[in-house]
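Shown next, in structure tokens, is the structure this report addresses.
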Protein chains: 2
Amino acid sequence: MNDPVDLTPLRTALETDDLDGYLIDADASDSDQRYVSGFTAPDPYQTLVTQDGVHLLVSGLEYGRAESEAAADSVSRLSGYDYHEHRAKHGPYGGKLHTLAAFLADHDVEFVAVPRSFPTGTADGLREQGLTVTVESEGIIEEIRATKTPWEVNQIRATQQANEAAMATAERLIASAEINDDGLVLDGTPLTSERVKEEIEVTLLRHGCGLDETIVACAADGADPHDRGSGQLTANDLIVIDIFPQDKETGYFGDMTRTFVRGEPSEEMTRRYEVTQEAYEAGLEAVEPGVTGEAVHDVVCDVIEDAGYETLRSDPTAETGFIHSTGHGVGLAVHEEPRVSPSGGELEPGHVISIEPGLYDPAVGGVRIEDLVVVTEDGYENLTEYRVGLEPVAE
Amino acid sequence: MNDPVDLTPLRTALETDDLDGYLIDADASDSDQRYVSGFTAPDPYQTLVTQDGVHLLVSGLEYGRAESEAAADSVSRLSGYDYHEHRAKHGPYGGKLHTLAAFLADHDVEFVAVPRSFPTGTADGLREQGLTVTVESEGIIEEIRATKTPWEVNQIRATQQANEAAMATAERLIASAEINDDGLVLDGTPLTSERVKEEIEVTLLRHGCGLDETIVACAADGADPHDRGSGQLTANDLIVIDIFPQDKETGYFGDMTRTFVRGEPSEEMTRRYEVTQEAYEAGLEAVEPGVTGEAVHDVVCDVIEDAGYETLRSDPTAETGFIHSTGHGVGLAVHEEPRVSPSGGELEPGHVISIEPGLYDPAVGGVRIEDLVVVTEDGYENLTEYRVGLEPVAE
């Protein structure tokens, strides 16, 4: 079980703004919902945070499981607030809105804050029943989520271990491939980006993780950080592999990138790899509490600019060089707070961040090296145990 | 490429209500967004339907892909409406709201309808800029989505074929298992629900499909239609396997259920299987245009009640017997319109529905048989080619 979540900053904000509660209406694919409720369900349910606790409203179908699993001080079911009567009078949707209003009244909530993503249908439906609904636009929950409990760090570490197995699968395939005129070939058939991705996903699945997308991008494809890659992998070209799986059980993500060349890298490829590795090491060394994400990003940019490459810092319109930020928080979402970018604030113990410098040019290809680390009291701990090296090894 | 989507019912409703447009603000995990835009992106983007077309607003990052892939009459990027200036003045979030308002003004939209799920942050942000935002609460898009184009039917059929391969994997594992005192054993290790689910998922993945959850529920687990199942499978017990994969490329779902017993089913198990099969066949035969989902459900309930089992029709509080509805629409969502239930309206050609009667009792286990069919001009076509039979076959 997760450690209890500390919602003090949210409660302080509610008090300051004279609000009675904070309401989430979403299914568990919403990271804030999952985090605050400590519960997952495929259909929307409601989580209310008040000064005195966290209160869930769920369907009868989910009630038993919510009672035993949710990190809530109370769990109510729709029928506990006369859902069937409301439904008979107002239809299924209107009935739910009236049931929700009764649940809020029961918790003395009249002025309620909601996240930006809160459904307008629910907000307007509550307003029609006399409640005051205001949007909380600071993203307080996301800010709370940025600092991980030791339990959360362990979940992320576990996902990252599955990720290491998946990366090893990909590296082995590339190292084992033969080279013919068209590119890489394995067991007599072309080794494509799609084939490597499939084996990555099977490995993750065998470790209890899933993914929506993964990047295996060769040559010019890899020079666009958002290209997922496709087609046969080619020899003597940079291959960027970026894997960000999610544990199916806990919901926590991992994130790692390595870059390989099967065959002979050009001198420029090797140089870019070395510069990226230097920037990655400098970035890691800069991570400690009190340092800002911006400062870490600056250290990385310094290394890259000193080597003669462009960054978005040296030229905001750059299309080659280091054209993204240094990193981002990872947790129940693959991109979350804090940022390791020009807008990144102070790092704190418990922040889990990626450090992922890269160098891109369609004429050369892409290089990116990425680890996931947790900020500790006096520096950082690397949650990633995977060799850095341009040449793929089959072992 | 998909056939063009017919948004006439939406446009008629907009005209009737004197509204200038319908706006979706969601990422492509929202089925309506994916359907109307013909585009997928991991971050929210905006789709506007007016009388003269479908208009997308996307980030610069997605612009090129949206231009070539989206089913839109126009694609704009944020920077086309001075996003950088708005952002400098109002911050990243406020800047987007002002950019969106400029995009709407450019399309002469002042009175705008939005779905229930539309983000309150965006709705209130537009209202502050003088727009009138009203929630469209009829679910018109979901209603339009219920009728599939021939292209869509082919996508669903393709997913269902992957599903058949996955079901065959599961059936083969169960048929090949040995039986010892604890239950089913394969290759010397217990054959668990989890192990069967993993092999189902690997098979789906090899066919380009993924899934969030699947059901392999044995004995009493299978008597709760919402239990996903866990632990070692046992001999002489009913095993319900319900698989609902989604194609990773097209987004269309399949859905199928079979029930097996490894070993000797009891007489009551066999009888329940036969009654369920009879209800399933009667339900299928009832499917044709003009018949209501309610009528199909009634035919299924008739068979089950005539055999002496309870249904929610004969007793709305029943906890054993046939305790769910007969079926539901399947498309970009695994549960969508139309319903084959007491509230189900007229079936129309192009509706894709499941027919899935079942019988449940913790003392006996669960039985469910489910196929996916498309309503045709004069009846239905079954999109599922998978043998019905209680005894698993290894072949």
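Ligands are numbered from 1 in the order shown, chains are lettered A, B, ... in the order of the structure tokens, and residues start at 1 in each chain.
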Would you kindly report the residues of chain A within 7 Å of chain B, using only C-alpha atoms, as a PyMOL selection string? chain A and resi 116-121+123+135+202
All residues 12 Å or closer to segment 147-149 of chain B, only C-alpha atoms, same chain fewer than 2 positions away omitted, as a PDB file with N, CA, C and O atoms, in the first residue's frame:
ATOM      1  N   MET B   1      -8.017   4.969 -45.708  1.00  0.00           N
ATOM      2  CA  MET B   1      -8.656   6.145 -45.112  1.00  0.00           C
ATOM      3  C   MET B   1     -10.125   5.848 -44.836  1.00  0.00           C
ATOM      4  O   MET B   1     -10.803   5.175 -45.595  1.00  0.00           O
ATOM      5  N   ASN B   2     -10.628   6.367 -43.747  1.00  0.00           N
ATOM      6  CA  ASN B   2     -12.029   6.210 -43.406  1.00  0.00           C
ATOM      7  C   ASN B   2     -12.900   6.958 -44.420  1.00  0.00           C
ATOM      8  O   ASN B   2     -12.468   7.922 -45.037  1.00  0.00           O
ATOM      9  N   ASP B   3     -14.144   6.491 -44.586  1.00  0.00           N
ATOM     10  CA  ASP B   3     -15.126   7.270 -45.340  1.00  0.00           C
ATOM     11  C   ASP B   3     -15.393   8.545 -44.555  1.00  0.00           C
ATOM     12  O   ASP B   3     -15.254   8.577 -43.342  1.00  0.00           O
ATOM     13  N   PRO B   4     -15.841   9.619 -45.238  1.00  0.00           N
ATOM     14  CA  PRO B   4     -16.140  10.845 -44.491  1.00  0.00           C
ATOM     15  C   PRO B   4     -17.288  10.587 -43.511  1.00  0.00           C
ATOM     16  O   PRO B   4     -18.207   9.831 -43.796  1.00  0.00           O
ATOM     17  N   VAL B   5     -17.188  11.220 -42.369  1.00  0.00           N
ATOM     18  CA  VAL B   5     -18.174  11.063 -41.314  1.00  0.00           C
ATOM     19  C   VAL B   5     -19.338  11.998 -41.609  1.00  0.00           C
ATOM     20  O   VAL B   5     -19.142  13.127 -42.046  1.00  0.00           O
ATOM     21  N   ASP B   6     -20.560  11.547 -41.398  1.00  0.00           N
ATOM     22  CA  ASP B   6     -21.741  12.362 -41.701  1.00  0.00           C
ATOM     23  C   ASP B   6     -22.226  13.067 -40.434  1.00  0.00           C
ATOM     24  O   ASP B   6     -22.875  12.462 -39.582  1.00  0.00           O
ATOM     25  N   LEU B   7     -21.914  14.344 -40.338  1.00  0.00           N
ATOM     26  CA  LEU B   7     -22.243  15.098 -39.125  1.00  0.00           C
ATOM     27  C   LEU B   7     -23.560  15.858 -39.254  1.00  0.00           C
ATOM     28  O   LEU B   7     -23.842  16.769 -38.457  1.00  0.00           O
ATOM     29  N   TYR B  35     -13.078  10.453 -33.578  1.00  0.00           N
ATOM     30  CA  TYR B  35     -14.046  10.212 -34.648  1.00  0.00           C
ATOM     31  C   TYR B  35     -14.237  11.452 -35.506  1.00  0.00           C
ATOM     32  O   TYR B  35     -14.176  11.394 -36.733  1.00  0.00           O
ATOM     33  N   ILE B 140     -25.138  13.633 -29.198  1.00  0.00           N
ATOM     34  CA  ILE B 140     -25.408  13.488 -30.641  1.00  0.00           C
ATOM     35  C   ILE B 140     -24.265  12.778 -31.358  1.00  0.00           C
ATOM     36  O   ILE B 140     -24.489  11.935 -32.221  1.00  0.00           O
ATOM     37  N   ILE B 141     -23.030  13.094 -30.996  1.00  0.00           N
ATOM     38  CA  ILE B 141     -21.893  12.459 -31.696  1.00  0.00           C
ATOM     39  C   ILE B 141     -21.888  10.959 -31.418  1.00  0.00           C
ATOM     40  O   ILE B 141     -21.647  10.155 -32.306  1.00  0.00           O
ATOM     41  N   GLU B 142     -22.166  10.601 -30.162  1.00  0.00           N
ATOM     42  CA  GLU B 142     -22.169   9.170 -29.853  1.00  0.00           C
ATOM     43  C   GLU B 142     -23.259   8.469 -30.651  1.00  0.00           C
ATOM     44  O   GLU B 142     -23.075   7.333 -31.101  1.00  0.00           O
ATOM     45  N   GLU B 143     -24.355   9.181 -30.852  1.00  0.00           N
ATOM     46  CA  GLU B 143     -25.439   8.601 -31.654  1.00  0.00           C
ATOM     47  C   GLU B 143     -25.002   8.431 -33.118  1.00  0.00           C
ATOM     48  O   GLU B 143     -25.280   7.416 -33.746  1.00  0.00           O
ATOM     49  N   ILE B 144     -24.310   9.431 -33.636  1.00  0.00           N
ATOM     50  CA  ILE B 144     -23.813   9.324 -35.015  1.00  0.00           C
ATOM     51  C   ILE B 144     -22.826   8.160 -35.112  1.00  0.00           C
ATOM     52  O   ILE B 144     -22.859   7.369 -36.066  1.00  0.00           O
ATOM     53  N   ARG B 145     -21.960   8.040 -34.112  1.00  0.00           N
ATOM     54  CA  ARG B 145     -20.941   6.983 -34.118  1.00  0.00           C
ATOM     55  C   ARG B 145     -21.542   5.584 -34.127  1.00  0.00           C
ATOM     56  O   ARG B 145     -20.888   4.625 -34.557  1.00  0.00           O
ATOM     57  N   TRP B 151     -16.124   0.969 -44.023  1.00  0.00           N
ATOM     58  CA  TRP B 151     -14.714   1.000 -43.605  1.00  0.00           C
ATOM     59  C   TRP B 151     -14.589   0.693 -42.121  1.00  0.00           C
ATOM     60  O   TRP B 151     -13.741  -0.101 -41.708  1.00  0.00           O
ATOM     61  N   GLU B 152     -15.450   1.298 -41.328  1.00  0.00           N
ATOM     62  CA  GLU B 152     -15.390   1.056 -39.880  1.00  0.00           C
ATOM     63  C   GLU B 152     -15.694  -0.412 -39.559  1.00  0.00           C
ATOM     64  O   GLU B 152     -15.048  -1.007 -38.692  1.00  0.00           O
ATOM     65  N   VAL B 153     -16.696  -0.968 -40.245  1.00  0.00           N
ATOM     66  CA  VAL B 153     -17.035  -2.383 -40.004  1.00  0.00           C
ATOM     67  C   VAL B 153     -15.814  -3.258 -40.299  1.00  0.00           C
ATOM     68  O   VAL B 153     -15.504  -4.192 -39.548  1.00  0.00           O
ATOM     69  N   ASN B 154     -15.082  -2.914 -41.352  1.00  0.00           N
ATOM     70  CA  ASN B 154     -13.888  -3.702 -41.675  1.00  0.00           C
ATOM     71  C   ASN B 154     -12.809  -3.586 -40.601  1.00  0.00           C
ATOM     72  O   ASN B 154     -12.095  -4.543 -40.316  1.00  0.00           O
ATOM     73  N   GLN B 155     -12.688  -2.412 -40.007  1.00  0.00           N
ATOM     74  CA  GLN B 155     -11.692  -2.266 -38.936  1.00  0.00           C
ATOM     75  C   GLN B 155     -12.081  -3.116 -37.728  1.00  0.00           C
ATOM     76  O   GLN B 155     -11.241  -3.749 -37.099  1.00  0.00           O
ATOM     77  N   ILE B 156     -13.377  -3.106 -37.396  1.00  0.00           N
ATOM     78  CA  ILE B 156     -13.841  -3.882 -36.248  1.00  0.00           C
ATOM     79  C   ILE B 156     -13.654  -5.379 -36.533  1.00  0.00           C
ATOM     80  O   ILE B 156     -13.216  -6.145 -35.672  1.00  0.00           O
ATOM     81  N   ARG B 157     -13.953  -5.781 -37.757  1.00  0.00           N
ATOM     82  CA  ARG B 157     -13.765  -7.174 -38.145  1.00  0.00           C
ATOM     83  C   ARG B 157     -12.293  -7.577 -37.992  1.00  0.00           C
ATOM     84  O   ARG B 157     -11.978  -8.662 -37.482  1.00  0.00           O
ATOM     85  N   TYR B 252     -10.177   0.846 -33.275  1.00  0.00           N
ATOM     86  CA  TYR B 252     -11.444   0.099 -33.183  1.00  0.00           C
ATOM     87  C   TYR B 252     -11.289  -1.152 -32.327  1.00  0.00           C
ATOM     88  O   TYR B 252     -10.267  -1.834 -32.376  1.00  0.00           O
ATOM     89  N   PRO B 289     -32.872  -4.840 -38.764  1.00  0.00           N
ATOM     90  CA  PRO B 289     -33.209  -3.421 -38.689  1.00  0.00           C
ATOM     91  C   PRO B 289     -34.669  -3.243 -38.281  1.00  0.00           C
ATOM     92  O   PRO B 289     -35.533  -4.025 -38.691  1.00  0.00           O
ATOM     93  N   GLY B 329     -23.212  -1.494 -28.162  1.00  0.00           N
ATOM     94  CA  GLY B 329     -22.465  -1.139 -29.348  1.00  0.00           C
ATOM     95  C   GLY B 329     -20.969  -1.217 -29.089  1.00  0.00           C
ATOM     96  O   GLY B 329     -20.513  -1.066 -27.957  1.00  0.00           O
ATOM     97  N   VAL B 330     -20.207  -1.463 -30.158  1.00  0.00           N
ATOM     98  CA  VAL B 330     -18.747  -1.524 -30.087  1.00  0.00           C
ATOM     99  C   VAL B 330     -18.186  -0.735 -31.263  1.00  0.00           C
ATOM    100  O   VAL B 330     -18.712  -0.828 -32.379  1.00  0.00           O
ATOM    101  N   GLY B 331     -17.162   0.058 -31.025  1.00  0.00           N
ATOM    102  CA  GLY B 331     -16.557   0.845 -32.108  1.00  0.00           C
ATOM    103  C   GLY B 331     -15.238   1.410 -31.622  1.00  0.00           C
ATOM    104  O   GLY B 331     -14.340   0.662 -31.247  1.00  0.00           O
ATOM    105  N   LEU B 332     -15.122   2.737 -31.593  1.00  0.00           N
ATOM    106  CA  LEU B 332     -13.931   3.380 -31.034  1.00  0.00           C
ATOM    107  C   LEU B 332     -13.939   3.297 -29.513  1.00  0.00           C
ATOM    108  O   LEU B 332     -12.931   3.571 -28.871  1.00  0.00           O
ATOM    109  N   GLU B 336     -20.502   1.404 -26.326  1.00  0.00           N
ATOM    110  CA  GLU B 336     -21.072   2.620 -26.881  1.00  0.00           C
ATOM    111  C   GLU B 336     -22.484   2.331 -27.355  1.00  0.00           C
ATOM    112  O   GLU B 336     -23.021   1.241 -27.103  1.00  0.00           O
ATOM    113  N   GLU B 337     -23.093   3.295 -28.007  1.00  0.00           N
ATOM    114  CA  GLU B 337     -24.441   3.109 -28.524  1.00  0.00           C
ATOM    115  C   GLU B 337     -24.412   2.139 -29.696  1.00  0.00           C
ATOM    116  O   GLU B 337     -23.410   2.059 -30.382  1.00  0.00           O
ATOM    117  N   PRO B 338     -25.477   1.387 -29.994  1.00  0.00           N
ATOM    118  CA  PRO B 338     -26.749   1.338 -29.267  1.00  0.00           C
ATOM    119  C   PRO B 338     -26.709   0.314 -28.139  1.00  0.00           C
ATOM    120  O   PRO B 338     -25.757  -0.454 -28.030  1.00  0.00           O
ATOM    121  N   GLU B 346     -34.368   1.368 -31.637  1.00  0.00           N
ATOM    122  CA  GLU B 346     -34.384   0.607 -32.894  1.00  0.00           C
ATOM    123  C   GLU B 346     -32.982   0.358 -33.443  1.00  0.00           C
ATOM    124  O   GLU B 346     -32.180   1.279 -33.550  1.00  0.00           O
ATOM    125  N   LEU B 347     -32.752  -0.867 -33.860  1.00  0.00           N
ATOM    126  CA  LEU B 347     -31.496  -1.200 -34.533  1.00  0.00           C
ATOM    127  C   LEU B 347     -31.553  -0.720 -35.978  1.00  0.00           C
ATOM    128  O   LEU B 347     -32.610  -0.760 -36.612  1.00  0.00           O
ATOM    129  N   GLU B 348     -30.399  -0.287 -36.476  1.00  0.00           N
ATOM    130  CA  GLU B 348     -30.314   0.208 -37.846  1.00  0.00           C
ATOM    131  C   GLU B 348     -29.135  -0.436 -38.551  1.00  0.00           C
ATOM    132  O   GLU B 348     -28.145  -0.801 -37.905  1.00  0.00           O
ATOM    133  N   PRO B 349     -29.219  -0.560 -39.884  1.00  0.00           N
ATOM    134  CA  PRO B 349     -28.078  -1.110 -40.617  1.00  0.00           C
ATOM    135  C   PRO B 349     -26.811  -0.318 -40.291  1.00  0.00           C
ATOM    136  O   PRO B 349     -26.845   0.912 -40.236  1.00  0.00           O
ATOM    137  N   GLY B 350     -25.714  -1.013 -40.033  1.00  0.00           N
ATOM    138  CA  GLY B 350     -24.446  -0.363 -39.678  1.00  0.00           C
ATOM    139  C   GLY B 350     -24.199  -0.337 -38.174  1.00  0.00           C
ATOM    140  O   GLY B 350     -23.089  -0.046 -37.747  1.00  0.00           O
ATOM    141  N   HIS B 351     -25.219  -0.642 -37.376  1.00  0.00           N
ATOM    142  CA  HIS B 351     -24.974  -0.791 -35.942  1.00  0.00           C
ATOM    143  C   HIS B 351     -24.121  -2.033 -35.708  1.00  0.00           C
ATOM    144  O   HIS B 351     -24.420  -3.095 -36.270  1.00  0.00           O
ATOM    145  N   VAL B 352     -23.088  -1.902 -34.907  1.00  0.00           N
ATOM    146  CA  VAL B 352     -22.280  -3.065 -34.514  1.00  0.00           C
ATOM    147  C   VAL B 352     -22.542  -3.326 -33.040  1.00  0.00           C
ATOM    148  O   VAL B 352     -22.328  -2.436 -32.205  1.00  0.00           O
ATOM    149  N   ILE B 353     -23.044  -4.511 -32.735  1.00  0.00           N
ATOM    150  CA  ILE B 353     -23.454  -4.814 -31.358  1.00  0.00           C
ATOM    151  C   ILE B 353     -22.940  -6.179 -30.917  1.00  0.00           C
ATOM    152  O   ILE B 353     -22.715  -7.074 -31.724  1.00  0.00           O
ATOM    153  N   VAL B 373     -21.684  -8.608 -33.921  1.00  0.00           N
ATOM    154  CA  VAL B 373     -22.358  -8.669 -35.223  1.00  0.00           C
ATOM    155  C   VAL B 373     -22.629  -7.263 -35.733  1.00  0.00           C
ATOM    156  O   VAL B 373     -22.697  -6.303 -34.956  1.00  0.00           O
ATOM    157  N   VAL B 374     -22.788  -7.154 -37.051  1.00  0.00           N
ATOM    158  CA  VAL B 374     -23.205  -5.874 -37.640  1.00  0.00           C
ATOM    159  C   VAL B 374     -24.614  -6.059 -38.196  1.00  0.00           C
ATOM    160  O   VAL B 374     -24.918  -7.066 -38.845  1.00  0.00           O
ATOM    161  N   VAL B 375     -25.473  -5.093 -37.902  1.00  0.00           N
ATOM    162  CA  VAL B 375     -26.837  -5.116 -38.434  1.00  0.00           C
ATOM    163  C   VAL B 375     -26.761  -4.777 -39.928  1.00  0.00           C
ATOM    164  O   VAL B 375     -26.089  -3.812 -40.311  1.00  0.00           O
ATOM    165  N   THR B 376     -27.415  -5.612 -40.751  1.00  0.00           N
ATOM    166  CA  THR B 376     -27.415  -5.386 -42.202  1.00  0.00           C
ATOM    167  C   THR B 376     -28.812  -4.954 -42.653  1.00  0.00           C
ATOM    168  O   THR B 376     -29.710  -4.783 -41.831  1.00  0.00           O
TER     169      THR B 376
END
So that I can check the surroundings of Val275 of chain A, please list as a ChimeraX atom specification every protein, DNA and RNA residue that reaches within 12 Å of it, counting only C-alpha atoms and ignoring chain neighbours fewer than 3 positions away. /A:268-272,278-282,300-309,321-322,357-359,367-369
Could you tell me, as a PyMOL selection string, which residues of segment 77-204 of chain B DSSP assigns to helix (DSSP H, G or I) when given the backbone? chain B and resi 78-81+83-106+120-128+140-146+150-176+193-204
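For the set A:Gly389, A:Gly290, A:Gly345, A:Pro245, the residue with the smallest atom-to-atom gap to Arg258 of chain A is A:Gly389, counting only C-alpha atoms.
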Need the shell around Asp18 of chain B: protein/DNA/RNA residues with any atom at most 12 Å away, counting only C-alpha atoms. Skip same-chain ones fewer than 6 positions apart. Format as a ChimeraX atom specification? /B:11-12,50-51,109-113,132,134
Pick out each residue of segment 145-267 of chain B that DSSP on the backbone tags as strand (DSSP E); I need them as a VMD selection string. chain B and resid 178 to 180 183 to 186 189 to 190 209 to 210 214 to 218 238 to 243 246 to 247 256 to 261
Gly38 of chain B: which residues within 6 Å, counting only C-alpha atoms, same-chain residues fewer than 3 positions away excluded, as a ChimeraX atom specification? /B:34-35,70-71
Okay, now the selection with N, CA, C and O atoms, as an mmCIF file, in the first residue's frame?
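See out_21.cif below for the written result:
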data_model
loop_
_atom_site.group_PDB
_atom_site.id
_atom_site.type_symbol
_atom_site.label_atom_id
_atom_site.label_comp_id
_atom_site.auth_asym_id
_atom_site.auth_seq_id
_atom_site.Cartn_x
_atom_site.Cartn_y
_atom_site.Cartn_z
ATOM 1 N N ARG B 34 -11.539 11.631 -31.589
ATOM 2 C CA ARG B 34 -10.886 10.825 -32.618
ATOM 3 C C ARG B 34 -11.792 10.663 -33.839
ATOM 4 O O ARG B 34 -11.342 10.730 -34.992
ATOM 5 N N TYR B 35 -13.078 10.453 -33.578
ATOM 6 C CA TYR B 35 -14.046 10.212 -34.648
ATOM 7 C C TYR B 35 -14.237 11.452 -35.506
ATOM 8 O O TYR B 35 -14.176 11.394 -36.733
ATOM 9 N N ALA B 70 -5.539 14.364 -40.867
ATOM 10 C CA ALA B 70 -6.852 14.642 -40.262
ATOM 11 C C ALA B 70 -7.952 14.707 -41.306
ATOM 12 O O ALA B 70 -7.719 15.061 -42.458
ATOM 13 N N ALA B 71 -9.176 14.340 -40.874
ATOM 14 C CA ALA B 71 -10.350 14.413 -41.743
ATOM 15 C C ALA B 71 -10.981 15.789 -41.563
ATOM 16 O O ALA B 71 -12.155 15.912 -41.217
#
